Amino acid sequence: MPLYEFRCKECGEKFTMRLSWQEKDKAVCPSCGAQNLQQLFTGITILGSSPKGSSCSAPSGSRFS
């Protein structure tokens with residue numbers, strides 16, 4: 001199940017919940033119980049280690065190398 005991050009529009013609480021995509025519209029704030037939530041998009045987290053021999057370096061010739 002994916003993790004979804006929300007901010008409550010009533011009390012301002014930020015929280016993360018593990019929900020199925022069918023349940024995310026039924027989420028409630030754990031602090032105040034409101035359903036007036038904004039879903040936050042903070043990026044993708046990849047769990048686990050990278051395969052042997054792979055790297056995440058910048059392409060050669062880039063200004064980041």
# chains A, B, ... in the order shown; residues from 1 in each chain; ligands from 1
$ residues_around --residues "A:Glu13" --least-positions-apart "5" --cutoff "10 Å" --atoms "only C-alpha atoms" --output "ChimeraX atom specification"
/A:6-8,29-32,37
$ write_last_selection --atoms "all heavy atoms" --output "CSV table (one decimal), in the first residue's frame"
chain,number,residue,atom,x,y,z
A,6,PHE,N,-0.6,14.3,3.9
A,6,PHE,CA,-1.7,15.2,3.9
A,6,PHE,C,-1.3,16.4,4.8
A,6,PHE,O,-0.6,16.3,5.7
A,6,PHE,CB,-2.9,14.6,4.4
A,6,PHE,CG,-3.5,13.4,3.6
A,6,PHE,CD1,-3.2,12.1,3.9
A,6,PHE,CD2,-4.2,13.6,2.4
A,6,PHE,CE1,-3.7,11.0,3.2
A,6,PHE,CE2,-4.7,12.6,1.7
A,6,PHE,CZ,-4.4,11.3,2.1
A,7,ARG,N,-2.0,17.5,4.6
A,7,ARG,CA,-2.1,18.6,5.5
A,7,ARG,C,-3.6,18.9,5.8
A,7,ARG,O,-4.3,19.0,4.8
A,7,ARG,CB,-1.4,19.9,4.9
A,7,ARG,CG,-1.5,21.0,5.9
A,7,ARG,CD,-0.9,22.3,5.4
A,7,ARG,NE,0.5,22.2,5.2
A,7,ARG,CZ,1.2,22.4,4.1
A,7,ARG,NH1,0.5,22.9,3.0
A,7,ARG,NH2,2.5,22.2,4.0
A,8,CYS,N,-3.9,19.0,7.0
A,8,CYS,CA,-5.3,19.3,7.4
A,8,CYS,C,-5.5,20.8,7.2
A,8,CYS,O,-4.8,21.7,7.7
A,8,CYS,CB,-5.5,19.0,8.9
A,8,CYS,SG,-7.2,19.3,9.4
A,29,CYS,N,-8.1,13.6,9.6
A,29,CYS,CA,-6.9,14.2,10.3
A,29,CYS,C,-6.9,13.4,11.7
A,29,CYS,O,-7.9,13.4,12.4
A,29,CYS,CB,-7.1,15.7,10.6
A,29,CYS,SG,-5.9,16.4,11.6
A,30,PRO,N,-5.7,12.9,12.1
A,30,PRO,CA,-5.6,12.2,13.3
A,30,PRO,C,-5.6,13.2,14.5
A,30,PRO,O,-5.9,12.8,15.7
A,30,PRO,CB,-4.3,11.5,13.3
A,30,PRO,CG,-3.5,12.3,12.3
A,30,PRO,CD,-4.5,12.8,11.3
A,31,SER,N,-5.4,14.4,14.3
A,31,SER,CA,-5.4,15.4,15.3
A,31,SER,C,-6.8,16.0,15.7
A,31,SER,O,-7.2,16.0,16.8
A,31,SER,CB,-4.5,16.6,14.9
A,31,SER,OG,-4.3,17.5,16.0
A,32,CYS,N,-7.5,16.4,14.6
A,32,CYS,CA,-8.8,17.0,14.9
A,32,CYS,C,-10.0,16.2,14.3
A,32,CYS,O,-11.2,16.6,14.6
A,32,CYS,CB,-8.8,18.4,14.4
A,32,CYS,SG,-8.9,18.6,12.6
A,37,LEU,N,-8.9,17.8,3.8
A,37,LEU,CA,-7.4,17.6,3.7
A,37,LEU,C,-6.9,18.0,2.4
A,37,LEU,O,-7.6,17.9,1.4
A,37,LEU,CB,-7.1,16.1,4.0
A,37,LEU,CG,-7.7,15.5,5.2
A,37,LEU,CD1,-7.4,14.0,5.3
A,37,LEU,CD2,-7.1,16.2,6.5
$ residues_around --residues "A:Leu19" --least-positions-apart "3" --cutoff "12 Å" --atoms "only C-alpha atoms" --output "PyMOL selection string"
chain A and resi 1-6+16+22-28
